[in-house]
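For reference, the structure is listed below as structure tokens.
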Amino acid sequence: MHSRILSAAVAGVVCCLSASAPAQHLAGYNYDEAKIPPYAMLDPLRLNDGRAVTTAAEWWQQRRPEIVRLFEENVYGRTPAKARIPLRARVVEIDRHALQGRAIRKQIDIYFTAKGESGPKMRLLVYLPLHPRAGRGYGRHRSAVILGLNFGGNQTVLDDPGIEPTLVWSKAKGSGTLEHVLPEDATRGTQAQEWQVEKVIGRGYGLATAYYGDIEPDFKDASQYSVRQLFLQPGQTAVAGDAWGAIGAWAWGLSRAVDYLSTDRDVDAKRIVATGHSRLGKTADWAAAQDERIAAVLSTESGKAGQSLSRREMGETVQHLEHSFPYWFCGNYARWAGHDREIPADGNLLLSLIAPRPLYVASAAGDEWSDPRGEFLSAVSASRVYALLGKQGLGTTTMPAVNQSAMEGDVAYHVRSGVHDVTAFDWDRYLDFLDLHLRESEGLRTRVKTQ
Ligand code: GTR
């Protein structure tokens with residue numbers, strides 16, 4: 001039973017503010033293009049030993065595994081082999097008339113151990129559009145689904161009384177003790193702008209989300225509550241060497257959601273799309289890098305240690321990340337603090353691991369902390385891998401004007417006006433991009449019921 005009701009401010013808002021409004025002009029960091037020291041970008045198509053990669057076979061057999069390993073060793077850590085667990089899930093609720101009859105809502109518990117209900121678990125919330133059937137009302141349909149973790153609990157993504165609130169992690173006032181508490185009802189829908197559930201459903205896509213704290217609380221010294229504890233070797237400490245950090249754990253959680261979604265008869269398992277904002281954008285990128293069942297990625301301002309370039313020394317640094325969020329990364333990541341220009345695994349290599357799948361990289365002009373130009377340059381560089389694999393990457397090396405999208409190829413990019421956030425503008429572009437790339441195979445694409 002829940003020990004107490006938490007105030008709205010603590011449960012949803014503080015948690016989400018910390019994620020959506022980082023200081024964008026912290027003193028002591030570089031925001032001036034002219035002050036970037038000379039740097040060399042890593043080459044996604046050159047093996048560690050210097051040989052060029054010129055064939056798709058060399059990419060798949062040599063360079064790609066090498067890059068995955070570089071990220072495991074230097075940034076996110078290695079997902080333990082023991083963490084490959086069988087799917088154990090229970091659908092705890094289905095409403096086939098959700099959103100005024102336009103969607104099916106499902107809530108599913110995904111268990112992390114054989115203990116099932118009494119062990120650690122993640123609650124997945126899924127909305128699936130109902131599609132019109134000629135003369136027969138609205139019916140079931142295998143939908144493409146956009147999957148992402150949320151910051152504040154499932155109840156924050158939409159003001160829908162049918163969503164069972166997620167217990168959230170928070171620091172108790174005064175004692176600073178970490179608590180797992182039921183959020184107040186007022187947190188319902190507080191992240192609706194960032195999730196745009198109705199828009200997604202209206203365009204014919206499903207949406208699936210889970211609270212990232214179900215996998216690991218986003219706090220220093222909280223690893224005892226992480227799924228990482230379940231897979232430790234005897235004597236191993238979670239943060240040493242190349243042992244995985246919280247981003248690795250959250251990415252693992254996304255894959256557990258893919259395990260479930262792949263079995264759901266209302267979902268098209270070939271069209272599961274990962275998304276995420278900021279630290280959860282880094283998470284979506286890393287999940288897709290490791291899990292090729294993810295068919296496409298929509299990555300919003302995943303920034304440094306995500307889609308941006310640490311080597312460019314613009315905005316956030318490794319030192320800042322390592323100081324503020326050491327638990328997101330493997331222990332070895334600390335080596336690169338103060339040595340950003342030497343990091344052997346950078347954003348352009350991360351994005352190249354998503355090739356040849358459709359990838360949308362989104363920046364915000366006011367989010368200089370993430371370095372929008374660095375995010376764009378990463379997308380340009382990763383596009384070379386798309387070309388090697390017979391796809392068209394970004395198709396331009398000129399950064400589009402603010403609020404314009406480059407969307408001709410399998411890699412898309414925009415920098416919108418505004419700050420670090422996910423907005424309706426981002427979602428409109430994302431859905432246009434998915435319409436171009438994830439059309440339904442059976443040619444059944446129809447408009448979905450609107451109010
Ligand atoms: C910042 C962090 C960024 C980004 C952001 C977020 O404080 O330094 O790399 O991940 O948090 O997740 O909102």
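Chain labels follow the order of the structure tokens: the first chain is A, the next B, and so on; residue numbering restarts at 1 in every chain, and ligands are counted from 1 in their shown order.
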
**Request:** Enumerate the residues of region 5-225 of chain A with a DSSP assignment of alpha helix (DSSP H), computed from the backbone, and present them as a ChimeraX atom specification.
**Result:** /A:8,15-20,56-58,64-74,98-101,192-195,197-202

**Message:** Env of Leu99 (chain A): 12 Å cut, atoms = only C-alpha atoms, seq-sep filter 2 positions within chain, self excluded. Answer as a PyMOL selection string.
**Reply:** chain A and resi 95-97+101-105+127-130+158-163+197-202+449-451

**Request:** Identify all residues of region 145-314 of chain A in strand (DSSP E) (DSSP on the backbone) and supply them as number ranges by chain.
**Result:** A: 145-150, 168-171, 178-183, 206-211, 267-277, 296-300

Please save N, CA, C and O atoms of the selected residues as a short mmCIF file (atom, residue, chain, number, x, y, z; two decimals), in the first residue's frame.
```cif
data_model
loop_
_atom_site.label_atom_id
_atom_site.label_comp_id
_atom_site.auth_asym_id
_atom_site.auth_seq_id
_atom_site.Cartn_x
_atom_site.Cartn_y
_atom_site.Cartn_z
N VAL A 145 3.48 1.89 -33.20
CA VAL A 145 3.44 2.45 -31.85
C VAL A 145 4.71 3.24 -31.57
O VAL A 145 5.81 2.79 -31.87
N ILE A 146 4.52 4.41 -31.00
CA ILE A 146 5.65 5.24 -30.57
C ILE A 146 5.84 5.00 -29.08
O ILE A 146 4.91 5.18 -28.29
N LEU A 147 7.03 4.59 -28.71
CA LEU A 147 7.32 4.15 -27.34
C LEU A 147 8.37 5.06 -26.71
O LEU A 147 9.43 5.29 -27.30
N GLY A 148 8.08 5.57 -25.52
CA GLY A 148 9.08 6.37 -24.82
C GLY A 148 8.83 6.34 -23.32
O GLY A 148 7.71 6.12 -22.87
N LEU A 149 9.88 6.57 -22.56
CA LEU A 149 9.73 6.65 -21.11
C LEU A 149 9.30 8.07 -20.73
O LEU A 149 9.62 9.03 -21.43
N ASN A 150 8.58 8.15 -19.60
CA ASN A 150 8.17 9.48 -19.12
C ASN A 150 8.84 9.82 -17.80
O ASN A 150 9.28 8.94 -17.06
N VAL A 168 5.85 7.40 -7.69
CA VAL A 168 7.02 8.13 -8.17
C VAL A 168 8.04 8.28 -7.05
O VAL A 168 7.71 8.24 -5.87
N TRP A 169 9.28 8.46 -7.46
CA TRP A 169 10.38 8.65 -6.51
C TRP A 169 10.56 10.13 -6.24
O TRP A 169 10.53 10.94 -7.16
N SER A 170 10.80 10.42 -4.98
CA SER A 170 10.99 11.83 -4.64
C SER A 170 11.79 11.91 -3.34
O SER A 170 11.79 10.97 -2.54
N LYS A 171 12.48 13.02 -3.15
CA LYS A 171 13.22 13.24 -1.89
C LYS A 171 12.28 13.87 -0.88
O LYS A 171 11.63 14.88 -1.17
N LEU A 178 14.93 9.20 0.10
CA LEU A 178 14.23 8.88 -1.14
C LEU A 178 12.97 8.08 -0.81
O LEU A 178 13.02 7.10 -0.07
N GLU A 179 11.85 8.54 -1.34
CA GLU A 179 10.57 7.88 -1.06
C GLU A 179 9.90 7.47 -2.37
O GLU A 179 10.09 8.13 -3.39
N HIS A 180 9.09 6.45 -2.29
CA HIS A 180 8.34 5.95 -3.44
C HIS A 180 6.88 6.16 -3.10
O HIS A 180 6.32 5.43 -2.28
N VAL A 181 6.27 7.16 -3.68
CA VAL A 181 4.96 7.60 -3.19
C VAL A 181 3.94 7.80 -4.31
O VAL A 181 4.31 7.98 -5.47
N LEU A 182 2.68 7.81 -3.89
CA LEU A 182 1.59 8.02 -4.84
C LEU A 182 1.46 9.51 -5.13
O LEU A 182 1.30 10.31 -4.22
N PRO A 183 1.52 9.91 -6.39
CA PRO A 183 1.40 11.34 -6.68
C PRO A 183 -0.04 11.81 -6.54
O PRO A 183 -0.97 11.02 -6.64
N GLY A 206 -0.11 4.55 -32.42
CA GLY A 206 -0.27 4.23 -31.01
C GLY A 206 0.83 4.90 -30.20
O GLY A 206 1.85 5.34 -30.75
N LEU A 207 0.61 4.97 -28.89
CA LEU A 207 1.62 5.54 -28.01
C LEU A 207 1.77 4.64 -26.79
O LEU A 207 0.76 4.22 -26.21
N ALA A 208 2.99 4.33 -26.43
CA ALA A 208 3.24 3.49 -25.25
C ALA A 208 4.28 4.19 -24.38
O ALA A 208 5.27 4.71 -24.89
N THR A 209 4.02 4.18 -23.09
CA THR A 209 4.97 4.87 -22.20
C THR A 209 5.00 4.22 -20.83
O THR A 209 4.04 3.59 -20.40
N ALA A 210 6.13 4.38 -20.16
CA ALA A 210 6.28 3.90 -18.78
C ALA A 210 7.13 4.92 -18.03
O ALA A 210 7.90 5.68 -18.64
N TYR A 211 6.99 4.93 -16.73
CA TYR A 211 7.74 5.86 -15.87
C TYR A 211 9.17 5.34 -15.72
O TYR A 211 9.37 4.19 -15.32
N VAL A 267 -0.78 -4.43 -32.09
CA VAL A 267 0.43 -3.67 -32.42
C VAL A 267 1.14 -4.32 -33.60
O VAL A 267 1.22 -5.55 -33.69
N ASP A 268 1.66 -3.49 -34.49
CA ASP A 268 2.50 -4.00 -35.57
C ASP A 268 3.94 -4.03 -35.06
O ASP A 268 4.59 -2.99 -34.94
N ALA A 269 4.43 -5.22 -34.75
CA ALA A 269 5.76 -5.36 -34.13
C ALA A 269 6.87 -4.84 -35.03
O ALA A 269 7.97 -4.56 -34.54
N LYS A 270 6.58 -4.71 -36.30
CA LYS A 270 7.63 -4.22 -37.22
C LYS A 270 7.67 -2.70 -37.25
O LYS A 270 8.51 -2.11 -37.93
N ARG A 271 6.74 -2.07 -36.54
CA ARG A 271 6.70 -0.59 -36.59
C ARG A 271 6.65 -0.02 -35.17
O ARG A 271 5.76 0.73 -34.81
N ILE A 272 7.63 -0.41 -34.37
CA ILE A 272 7.77 0.15 -33.02
C ILE A 272 8.86 1.22 -33.08
O ILE A 272 9.98 0.96 -33.50
N VAL A 273 8.48 2.41 -32.69
CA VAL A 273 9.34 3.58 -32.84
C VAL A 273 9.76 4.04 -31.44
O VAL A 273 8.91 4.17 -30.56
N ALA A 274 11.04 4.30 -31.22
CA ALA A 274 11.48 4.79 -29.90
C ALA A 274 11.58 6.30 -29.92
O ALA A 274 12.03 6.90 -30.90
N THR A 275 11.16 6.91 -28.81
CA THR A 275 11.32 8.36 -28.69
C THR A 275 11.75 8.70 -27.27
O THR A 275 11.64 7.88 -26.35
N GLY A 276 12.25 9.92 -27.10
CA GLY A 276 12.64 10.36 -25.77
C GLY A 276 13.18 11.77 -25.83
O GLY A 276 13.68 12.21 -26.87
N HIS A 277 13.08 12.43 -24.70
CA HIS A 277 13.55 13.81 -24.61
C HIS A 277 14.74 13.88 -23.65
O HIS A 277 14.69 13.34 -22.55
N ALA A 296 12.43 2.71 -35.79
CA ALA A 296 12.74 4.12 -36.11
C ALA A 296 12.95 4.85 -34.79
O ALA A 296 12.55 4.36 -33.73
N VAL A 297 13.59 6.01 -34.88
CA VAL A 297 13.89 6.79 -33.66
C VAL A 297 13.52 8.25 -33.88
O VAL A 297 13.84 8.83 -34.92
N LEU A 298 12.85 8.83 -32.88
CA LEU A 298 12.56 10.27 -32.85
C LEU A 298 13.25 10.80 -31.61
O LEU A 298 12.82 10.53 -30.49
N SER A 299 14.35 11.50 -31.79
CA SER A 299 15.19 11.87 -30.65
C SER A 299 15.16 13.38 -30.45
O SER A 299 15.61 14.13 -31.30
N THR A 300 14.63 13.81 -29.31
CA THR A 300 14.46 15.24 -29.06
C THR A 300 15.54 15.75 -28.12
O THR A 300 15.58 15.34 -26.95
#
```

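Comparing A:Met41, A:Ala246, A:Ala334, A:Leu377 by their smallest distance to Ser223 (chain A), the closest is A:Ala246 (using only C-alpha atoms).
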
**Message:** I'd like the contact shell of region 54-60 of chain A - 9 Å cut-off, only C-alpha atoms, skipping same-chain residues fewer than 6 positions apart - returned as a ChimeraX atom specification.
**Reply:** /A:45-46,385,388-390
